[in-house]
Every structure is written in C-alpha cells, then in structure tokens.
file model-v4.txt (compact mmCIF, C-alpha atoms)
# COMPACT_ATOMS: atom_id res chain seq x y z
CA MET A 1 174.64 72.77 133.83
CA SER A 2 172.45 70.37 131.94
CA SER A 3 169.05 72.04 132.24
CA PRO A 4 167.19 75.05 133.65
CA SER A 5 166.01 72.96 136.59
CA VAL A 6 169.63 72.11 137.44
CA ALA A 7 170.59 75.77 137.03
CA ARG A 8 167.87 76.83 139.43
CA SER A 9 168.83 74.14 141.93
CA GLN A 10 172.50 75.09 141.84
CA ALA A 11 171.63 78.78 142.20
CA SER A 12 169.52 77.93 145.24
CA GLY A 13 172.46 76.07 146.74
CA ALA A 14 174.78 78.98 145.99
CA ALA A 15 172.30 81.36 147.61
CA ALA A 16 172.24 79.32 150.80
CA ALA A 17 176.04 79.24 150.93
CA LEU A 18 176.29 82.99 150.32
CA ARG A 19 173.71 83.86 152.96
CA SER A 20 175.47 81.64 155.51
CA VAL A 21 178.50 83.96 155.34
CA GLY A 22 176.56 87.22 155.17
CA ILE A 23 176.70 87.88 151.40
CA ASP A 24 173.50 89.05 149.73
CA ILE A 25 174.58 90.04 146.20
CA ASP A 26 176.07 87.65 143.65
CA PHE A 27 177.87 89.04 140.58
CA ALA A 28 176.43 86.17 138.56
CA PRO A 29 175.28 84.75 136.23
CA VAL A 30 177.36 85.23 133.09
CA VAL A 31 174.71 85.31 130.35
CA ASP A 32 176.98 86.13 127.40
CA THR A 33 176.70 83.82 124.39
CA PRO A 34 180.15 82.87 123.02
CA GLY A 35 180.33 83.02 119.23
CA ALA A 36 183.28 80.65 118.97
CA ALA A 37 184.80 77.81 120.97
CA GLY A 38 187.91 79.87 121.65
CA ASN A 39 186.10 82.74 123.36
CA PHE A 40 187.86 83.66 126.61
CA LEU A 41 184.72 83.12 128.72
CA GLY A 42 185.07 79.35 128.38
CA SER A 43 183.02 77.41 130.91
CA ARG A 44 181.78 80.61 132.56
CA ALA A 45 179.08 80.80 129.87
CA PHE A 46 176.11 78.45 129.98
CA SER A 47 176.35 77.43 126.31
CA HIS A 48 176.86 78.65 122.74
CA SER A 49 173.09 78.95 122.19
CA ARG A 50 171.41 82.26 122.99
CA THR A 51 167.98 80.61 123.36
CA ARG A 52 169.34 78.04 125.79
CA ASN A 53 171.21 80.75 127.66
CA ALA A 54 167.98 82.73 127.95
CA ARG A 55 166.29 79.80 129.67
CA MET A 56 169.29 79.16 131.90
CA ALA A 57 169.60 82.83 132.82
CA HIS A 58 165.96 83.01 133.87
CA ALA A 59 166.32 79.85 135.95
CA PHE A 60 169.57 80.91 137.65
CA VAL A 61 168.32 84.39 138.47
CA THR A 62 165.13 82.92 139.90
CA GLY A 63 167.08 80.39 141.97
CA LEU A 64 169.21 83.11 143.52
CA GLN A 65 166.53 85.71 144.08
CA THR A 66 163.80 83.48 145.49
CA ASN A 67 166.36 82.64 148.15
CA GLY A 68 167.19 86.24 148.99
CA ILE A 69 170.33 86.81 146.91
CA ALA A 70 170.30 89.63 144.34
CA ALA A 71 171.53 88.38 140.96
CA THR A 72 173.69 90.25 138.45
CA ALA A 73 173.56 89.46 134.73
CA LYS A 74 176.81 90.18 132.93
CA HIS A 75 178.58 91.47 130.84
CA PHE A 76 176.11 93.76 129.06
CA PRO A 77 175.65 94.04 126.12
CA GLY A 78 177.70 90.86 125.77
CA LEU A 79 181.26 89.59 125.50
CA GLY A 80 180.47 86.51 123.45
CA LEU A 81 182.01 88.07 120.35
CA ALA A 82 185.04 89.55 122.14
CA SER A 83 188.49 88.74 120.79
CA GLY A 84 190.02 88.75 124.27
CA ASN A 85 189.60 89.49 127.95
CA THR A 86 188.62 93.10 128.72
CA ASP A 87 190.59 92.86 131.99
CA LYS A 88 193.79 92.48 129.98
CA GLY A 89 193.35 94.79 126.99
CA ARG A 90 191.16 97.30 125.20
CA ILE A 91 188.65 95.15 123.35
CA VAL A 92 186.67 96.48 120.37
CA ILE A 93 183.75 94.29 119.24
CA ARG A 94 183.08 95.23 115.63
CA ALA A 95 180.15 92.89 115.00
CA ALA A 96 177.08 94.20 113.17
CA THR A 97 174.20 95.66 115.17
CA TRP A 98 171.84 92.78 114.32
CA LYS A 99 174.34 90.22 115.59
CA LEU A 100 174.96 92.11 118.82
CA ARG A 101 171.22 92.41 119.42
CA GLN A 102 170.83 88.66 119.05
CA GLY A 103 173.05 88.31 122.10
CA LEU A 104 170.68 90.45 124.17
CA LEU A 105 168.11 87.65 124.45
CA PRO A 106 169.56 86.13 127.68
CA PHE A 107 169.75 89.58 129.26
CA GLN A 108 166.14 90.23 128.32
CA SER A 109 165.15 86.91 129.88
CA ALA A 110 167.01 87.75 133.08
CA VAL A 111 165.30 91.15 133.25
CA ARG A 112 161.92 89.45 132.89
CA ALA A 113 162.84 87.22 135.84
CA GLY A 114 163.06 90.33 138.02
CA LEU A 115 166.81 90.77 137.86
CA GLN A 116 168.18 93.26 140.40
CA LEU A 117 171.55 94.19 138.83
CA VAL A 118 173.27 94.28 135.45
CA MET A 119 177.04 94.49 135.05
CA VAL A 120 178.09 96.59 132.06
CA SER A 121 181.26 95.66 130.19
CA THR A 122 184.24 97.84 129.33
CA ALA A 123 184.41 96.60 125.73
CA VAL A 124 183.81 99.06 122.89
CA TYR A 125 180.87 98.45 120.52
CA PRO A 126 181.15 100.83 117.52
CA LYS A 127 177.93 99.58 115.92
CA LEU A 128 175.96 100.31 119.09
CA ASP A 129 177.63 103.61 119.97
CA GLY A 130 179.56 105.50 117.32
CA SER A 131 181.40 107.50 119.98
CA ARG A 132 183.47 104.36 120.62
CA ARG A 133 183.18 104.75 124.36
CA PRO A 134 183.37 101.54 126.41
CA ALA A 135 179.87 100.32 127.28
CA ALA A 136 180.18 101.31 130.94
CA PHE A 137 180.71 104.90 129.73
CA SER A 138 177.95 104.88 127.11
CA SER A 139 174.57 106.43 127.84
CA THR A 140 173.42 105.10 124.46
CA ILE A 141 174.06 101.54 125.63
CA ILE A 142 173.02 101.88 129.28
CA ASN A 143 170.05 104.24 129.08
CA GLY A 144 169.03 103.51 125.52
CA LEU A 145 169.59 99.79 125.01
CA LEU A 146 169.40 98.42 128.55
CA ARG A 147 166.84 100.67 130.19
CA LYS A 148 164.60 101.77 127.32
CA ARG A 149 164.79 98.76 125.01
CA LEU A 150 164.99 95.98 127.62
CA GLY A 151 163.08 97.81 130.34
CA PHE A 152 165.62 97.30 133.11
CA THR A 153 164.93 99.45 136.18
CA GLY A 154 167.44 98.07 138.68
CA VAL A 155 171.05 98.87 139.54
CA THR A 156 173.78 99.03 136.92
CA VAL A 157 177.29 98.13 138.00
CA THR A 158 180.46 98.55 135.97
CA ASP A 159 182.95 95.84 135.23
CA THR A 160 186.29 96.84 136.74
CA LEU A 161 187.26 100.42 135.98
CA THR A 162 190.92 99.50 136.27
CA ALA A 163 190.56 97.67 132.94
CA PRO A 164 192.78 99.03 130.10
CA ALA A 165 189.88 100.60 128.18
CA ALA A 166 188.60 102.39 131.29
CA VAL A 167 191.79 103.78 132.79
CA ARG A 168 192.56 105.79 129.67
CA ILE A 169 189.38 107.82 130.18
CA PRO A 170 189.98 110.97 132.27
CA HIS A 171 187.77 111.44 135.34
CA THR A 172 186.89 107.77 135.02
CA SER A 173 184.39 107.55 137.87
CA THR A 174 182.60 110.74 136.85
CA ARG A 175 182.29 109.72 133.20
CA ALA A 176 180.93 106.29 134.15
CA MET A 177 178.43 107.78 136.57
CA LEU A 178 177.19 110.38 134.08
CA ALA A 179 176.69 107.65 131.47
CA GLY A 180 174.32 105.77 133.76
CA SER A 181 176.50 103.43 135.83
CA ASP A 182 175.13 103.33 139.41
CA LEU A 183 177.82 101.29 141.15
CA LEU A 184 181.50 101.54 140.27
CA ILE A 185 183.96 98.67 140.64
CA PHE A 186 187.71 99.17 140.91
CA GLY A 187 190.37 96.48 140.95
CA ALA A 188 192.59 98.19 143.50
CA GLU A 189 191.99 100.11 146.72
CA SER A 190 194.08 103.06 145.54
CA ALA A 191 191.99 103.31 142.35
CA SER A 192 188.80 103.18 144.39
CA GLU A 193 190.00 106.00 146.65
CA LEU A 194 190.93 108.10 143.63
CA GLY A 195 187.55 107.41 142.02
CA TYR A 196 185.75 108.51 145.17
CA SER A 197 187.75 111.71 145.54
CA THR A 198 187.24 112.50 141.85
CA LEU A 199 183.47 112.15 142.21
CA LEU A 200 183.43 114.43 145.25
CA ALA A 201 185.52 117.10 143.53
CA ASP A 202 183.60 116.97 140.25
CA ALA A 203 180.19 116.94 141.94
CA ALA A 204 180.94 120.20 143.74
CA GLY A 205 180.73 122.08 140.45
CA SER A 206 178.25 119.98 138.48
CA VAL A 207 174.50 119.94 139.07
CA ARG A 208 174.22 117.23 136.43
CA LEU A 209 176.56 114.94 138.36
CA GLN A 210 174.82 115.76 141.64
CA ASN A 211 171.50 114.71 140.10
CA ARG A 212 173.03 111.50 138.75
CA LEU A 213 174.41 110.65 142.19
CA ILE A 214 170.96 111.20 143.68
CA GLN A 215 169.44 108.93 141.02
CA ALA A 216 172.04 106.21 141.59
CA SER A 217 171.59 106.47 145.34
CA ALA A 218 167.83 106.01 144.98
CA ARG A 219 168.32 102.83 142.95
CA ILE A 220 170.78 101.48 145.52
CA ARG A 221 168.34 102.24 148.34
CA ALA A 222 165.65 100.37 146.39
CA LEU A 223 168.01 97.41 146.08
CA LYS A 224 168.68 97.51 149.83
CA ALA A 225 164.93 97.57 150.46
CA TRP A 226 164.49 94.53 148.21
CA LEU A 227 167.21 92.71 150.12
CA ALA A 228 165.59 93.60 153.44
CA THR A 229 162.23 92.21 152.34
CA HIS A 230 163.97 89.01 151.22
CA GLY A 231 165.65 88.33 154.54
CA GLY A 232 168.72 90.52 154.27
CA PRO A 233 169.91 93.23 156.66
CA THR A 234 167.89 96.41 157.01
CA CYS A 235 170.01 99.40 155.95
CA SER A 236 168.74 102.96 156.19
CA GLY A 237 171.76 104.67 154.63
CA ALA A 238 172.54 105.07 150.91

call {"tool": "encode", "arguments": {"input": "model-v4.txt", "output": "structure tokens"}}
result
Amino acid sequence: MSSPSVARSQASGAAAALRSVGIDIDFAPVVDTPGAAGNFLGSRAFSHSRTRNARMAHAFVTGLQTNGIAATAKHFPGLGLASGNTDKGRIVIRAATWKLRQGLLPFQSAVRAGLQLVMVSTAVYPKLDGSRRPAAFSSTIINGLLRKRLGFTGVTVTDTLTAPAAVRIPHTSTRAMLAGSDLLIFGAESASELGYSTLLADAAGSVRLQNRLIQASARIRALKAWLATHGGPTCSGA
C-alpha cells in the first residue's frame, strides 16, 4: 500500500466484501515493524518504518471500522524482531526493552483509532517479562503494557494456542485466560474442545478464573454491542 489513503480505501473495500458474506471481525491489520528484510512477515507488514506503519495502521483500522468491521491489530507486542515464525517454533525475542517499545508505536496508533481487538503473540520477550512466558500468557504484557501503558480497553485475542510455545504450557486455556486473554484461538478442533473442557473443569474450583471469565465475557458483549450499532447482527448471548 502506497499511502494511508490507499490503506483506508482498501480496508473499506475489504469491509464491504466481508460484510457481504456475513463476517464482521477481521483479524487484521498486521502492524508489526520488521527489523530486517528477512523477517518472516514479509509483505504482510506495511513497511520497515514504525512511523509509517503507525499512519497506515490508523488508516486501515479506520477504513474497516467505519464500515462496520471490527479490526484486530497484531501481533502484540510485535514480531518484527522475531527470528522465525511462532507457528512453527518457540521464538524468543531477546531485544532490549527500548527497542521493543519502539515497535509499540503502530499499536498505539491503532488504539487511538478506536481499535476493537488486539491479537497477542506467542513469542517470548524476556526484557518485557522476566518470567519468560509467551506474551499471550503474560499479565505483565497484556495488563501492564497493552492495557495500562497503551490504554487499550477492547478484546484481547491470542494467536493460535497450538503454537509450539503455547502447547508446552499445562492448562493452556486457563493460563492464557488468567493472564488477560479474552478470546482463545486454537488451530485444531480437538485442541479447541480440550481447551473448553479444561476451562470448565478449572473454573469449578477457582474463583479467580470465574471472575476472569466474567470479565472476558463482558468485553465480548461490549464488542457485540459495538458490532450491532455498526450494522452487524444483534446478539444477546455472551
């Protein structure tokens, strides 16, 4: 995309196409800023400039959401410095804190555009969370960096929890939920069924998890309300 105006126009076109087939959430845009030409994101990223990506992110989010499609900025807090694809291996991003925070600019811009969802990566960021938990399992990253620092109030969604870094964590769905992930994505139906049954079993004996599920449900209901006011279906359930 050559400019923010083109990004907004293409997002508007994508929104129309999505709505025509009954889809009202887009897991886009990718707002990561690749640090090197060989980064696995390739053409999925807008550019190698965080300031340009911030402008493009704002424009793309606006183009989707003014046309009734909820946008999702990903992959927080950024995969631009990743050495490989998190879907294929456990990726540890060892960059310094200041360098990682530079990459937050496009996410911040998307949040200021009224972004409805943020997808959290399964990479590990030791300089952001010394526990070395993948971001989707890190309250420090989700509640501290994303919600408190950037002021995001919408729905958080995990990158796939069938990724190598995620599957090694016991009670995967419960750990992600307790860390602040509101929606959980799995790459296989069997994994999704296991994640659901794990949440049910763990919630029976955990008030903390019950409260987190209530919180996540409230955010999802708010998202559904936003979609309804922007021309989407009206849904009363959680």

call {"tool": "closest_residue", "arguments": {"input": "model-v4.txt", "among": "A:Ala203, A:Val118, A:Ala17, A:Ala123", "to": "A:Ser83", "atoms": "only C-alpha atoms"}}
result
A:Ala123

call {"tool": "residues_around", "arguments": {"input": "model-v4.txt", "residues": "stretch 91-95 of chain A", "least_positions_apart": "3", "cutoff": "10 Å", "atoms": "all atoms listed in the file", "output": "list in words"}}
result
Gly78, Leu79, Gly80, Leu81, Ala82, Ser83, Gly84, Asn85, Thr86, Asp87, Lys88, Trp98, Lys99, Leu100, Arg101, Thr122, Ala123, Val124, Tyr125, Pro126, Lys127, Leu128, Arg132, Arg133, Pro134, Pro164 and Ala165 of chain A

call {"tool": "closest_atom_pairs", "arguments": {"input": "model-v4.txt", "of": "stretch 119-201 of chain A", "to": "stretch 207-219 of chain A", "cutoff": "7 Å", "atoms": "all atoms listed in the file", "output": "CSV"}}
result
residue,atom,partner,partner_atom,distance
A:Gly154,CA,A:Arg219,CA,6.5
A:Val155,CA,A:Arg219,CA,5.9
A:Met177,CA,A:Arg212,CA,6.9
A:Leu178,CA,A:Leu209,CA,6.3
A:Asp182,CA,A:Ala216,CA,4.8

call {"tool": "residues_around", "arguments": {"input": "model-v4.txt", "residues": "A:Leu227", "least_positions_apart": "2", "cutoff": "9 Å", "atoms": "only C-alpha atoms", "output": "PyMOL selection string"}}
result
chain A and resi 24-25+68-70+222-225+229-234

call {"tool": "closest_residue", "arguments": {"input": "model-v4.txt", "among": "A:Ala110, A:Ala176, A:Ala191, A:Ile169", "to": "A:Met56", "atoms": "only C-alpha atoms"}}
result
A:Ala110

call {"tool": "residues_around", "arguments": {"input": "model-v4.txt", "residues": "A:Ser12", "least_positions_apart": "6", "cutoff": "8 Å", "atoms": "all atoms listed in the file", "output": "list in words"}}
result
Gly63, Leu64, Thr66 and Asn67 of chain A

call {"tool": "atom_distance", "arguments": {"input": "model-v4.txt", "atom1": "atom CA of A:Gly38", "atom2": "atom CA of A:Phe107"}}
result
22.0 Å
